[in-house]
Each structure stands twice: as C-alpha cells, then as structure tokens.
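What follows is a short report on a single structure.
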Amino acid sequence: MTTTHYRLLGALEVAAAAGLLLGLRITALGAAASIGLLLLMAGAVVVHLRSGDAAARCLPAVIAGALAGAHLVALAGG
C-alpha cells in the first residue's frame with residue numbers, strides 16, 4: 001500500500017470516530033458512521049486474511065467491527 005492509501009484509511013477512521021461522537025446528538029449520523037466503520041473493518045479482515053496474516057492479526061478489526069455492529073443493534077432498540 002502506498003502512503004496515500006494509508007492516509008485515506010486514516011481519514012476514514014477519523015471520520016467514523018467523528019461521526020460516532022456526533023451521533024450522540026444526531027442518531028442517523030451515528031448509525032451511518034457505525035455502518036461505515038463496520039464496512040471498513042470487514043475490509044480490513046479480508047485484506048489481512050488474503051495477505052496471509054495470522055488470524056490473530058485480524059482481532060482488532062473484528063473487535064471494532066463487532067462494537068460497531070452492537071452500536072447499530074442498540075440504536076435499533078434490539
């Protein structure tokens with residue numbers, strides 16, 4: 001990956017964090033941020049596995065994705 005790709009991923013992660021914080025006031029924005037973070041973390045898991053990394057290297061992305069999914073469930077009232 002190039003430096004530009006790392007910067008783009010970092011910007012997406014910062015945007016997701018900002019969206020989650022703003023989602024404390026604007027529920028729809030928090031939900032959109034959770035969906036975006038969930039997709040981003042799913043992509044991270046796929047990239048780790050396709051590049052031959054050990055499954056343990058995927059754990060942070062799996063945990064972050066699970067928390068984003070739990071946030072969506074909580075917002076849905078379930």
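A note on labels: chains of the structure tokens are A, B, ... as shown, every chain counts residues from 1, and ligands are counted from 1 in their shown order.
Contact shell of Ala42 of chain A at 8 Å (only C-alpha atoms; same-chain neighbours under 2 positions omitted): A:Leu38, A:Leu39, A:Leu40, A:Ala44, A:Val45, A:Val46, A:Ala61, A:Val62, A:Gly65.
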Discussion item. With only C-alpha atoms as the counted atoms, please give the residues lying no more than 9 Å from segment 2-14 of chain A, apart from itself and same-chain residues fewer than 5 positions off, as a ChimeraX atom specification.
Written reply: /A:19,36-37,40
Pull N, CA and C atoms from the residues just selected and write them as a compact mmCIF listing (two decimals), in the first residue's frame.
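See selection.txt below for the written result:
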```txt
# COMPACT_ATOMS: atom_id res chain seq x y z
N GLY A 19 -18.06 10.84 13.37
CA GLY A 19 -19.47 10.52 13.16
C GLY A 19 -20.10 9.84 14.37
N GLY A 36 -20.40 2.59 8.25
CA GLY A 36 -19.13 2.83 7.57
C GLY A 36 -17.97 2.15 8.27
N LEU A 37 -17.95 2.23 9.60
CA LEU A 37 -16.88 1.58 10.37
C LEU A 37 -16.96 0.07 10.25
N LEU A 40 -15.57 -0.80 6.89
CA LEU A 40 -14.12 -0.58 6.89
C LEU A 40 -13.40 -1.73 7.60
```
Practice prompt. Extract the full set of helix (DSSP H, G or I) residues from chain A according to DSSP on the backbone, and format it as a ChimeraX atom specification.
Written response: /A:3-22,27-50,55-76
Could you write those residues out with C-alpha atoms, as a short mmCIF file (atom, residue, chain, number, x, y, z; two decimals), in the first residue's frame?
```cif
data_model
loop_
_atom_site.label_atom_id
_atom_site.label_comp_id
_atom_site.auth_asym_id
_atom_site.auth_seq_id
_atom_site.Cartn_x
_atom_site.Cartn_y
_atom_site.Cartn_z
CA THR A 3 1.30 6.41 1.72
CA THR A 4 -1.78 7.84 0.03
CA HIS A 5 -3.75 4.68 0.82
CA TYR A 6 -2.72 4.79 4.47
CA ARG A 7 -3.73 8.44 4.68
CA LEU A 8 -7.10 7.67 3.10
CA LEU A 9 -7.73 4.83 5.55
CA GLY A 10 -6.73 7.07 8.44
CA ALA A 11 -9.07 9.80 7.23
CA LEU A 12 -11.92 7.29 7.00
CA GLU A 13 -11.23 6.10 10.54
CA VAL A 14 -11.16 9.67 11.86
CA ALA A 15 -14.40 10.43 10.00
CA ALA A 16 -16.00 7.33 11.56
CA ALA A 17 -14.89 8.40 15.04
CA ALA A 18 -16.20 11.92 14.49
CA GLY A 19 -19.47 10.52 13.16
CA LEU A 20 -19.86 8.32 16.21
CA LEU A 21 -19.28 11.29 18.52
CA LEU A 22 -21.69 13.49 16.60
CA THR A 27 -28.79 9.44 15.72
CA ALA A 28 -28.87 8.96 11.94
CA LEU A 29 -25.28 10.21 11.68
CA GLY A 30 -24.17 7.78 14.37
CA ALA A 31 -25.86 4.93 12.54
CA ALA A 32 -24.20 5.91 9.26
CA ALA A 33 -20.83 6.12 11.00
CA SER A 34 -21.33 2.66 12.50
CA ILE A 35 -22.19 1.21 9.11
CA GLY A 36 -19.13 2.83 7.57
CA LEU A 37 -16.88 1.58 10.37
CA LEU A 38 -18.35 -1.90 10.10
CA LEU A 39 -17.62 -1.98 6.36
CA LEU A 40 -14.12 -0.58 6.89
CA MET A 41 -13.31 -3.24 9.50
CA ALA A 42 -14.76 -6.02 7.32
CA GLY A 43 -12.43 -4.86 4.56
CA ALA A 44 -9.52 -4.89 6.99
CA VAL A 45 -10.23 -8.50 7.95
CA VAL A 46 -10.42 -9.53 4.30
CA VAL A 47 -7.13 -7.80 3.47
CA HIS A 48 -5.38 -9.40 6.46
CA LEU A 49 -6.60 -12.87 5.57
CA ARG A 50 -5.86 -12.54 1.84
CA ALA A 55 -5.92 -14.79 12.27
CA ALA A 56 -4.79 -13.05 15.47
CA ARG A 57 -3.73 -10.02 13.40
CA CYS A 58 -7.41 -9.59 12.45
CA LEU A 59 -8.58 -9.43 16.05
CA PRO A 60 -8.55 -5.61 16.47
CA ALA A 61 -10.61 -5.18 13.30
CA VAL A 62 -13.00 -7.93 14.38
CA ILE A 63 -13.50 -6.32 17.79
CA ALA A 64 -14.01 -2.84 16.34
CA GLY A 65 -16.46 -4.25 13.79
CA ALA A 66 -18.35 -6.14 16.48
CA LEU A 67 -18.65 -2.98 18.57
CA ALA A 68 -19.94 -1.05 15.56
CA GLY A 69 -22.48 -3.80 14.94
CA ALA A 70 -23.54 -3.75 18.60
CA HIS A 71 -23.99 0.01 18.34
CA LEU A 72 -26.31 -0.48 15.37
CA VAL A 73 -28.31 -3.08 17.27
CA ALA A 74 -28.58 -0.73 20.25
CA LEU A 75 -29.77 2.08 18.00
CA ALA A 76 -32.40 -0.21 16.51
#
```
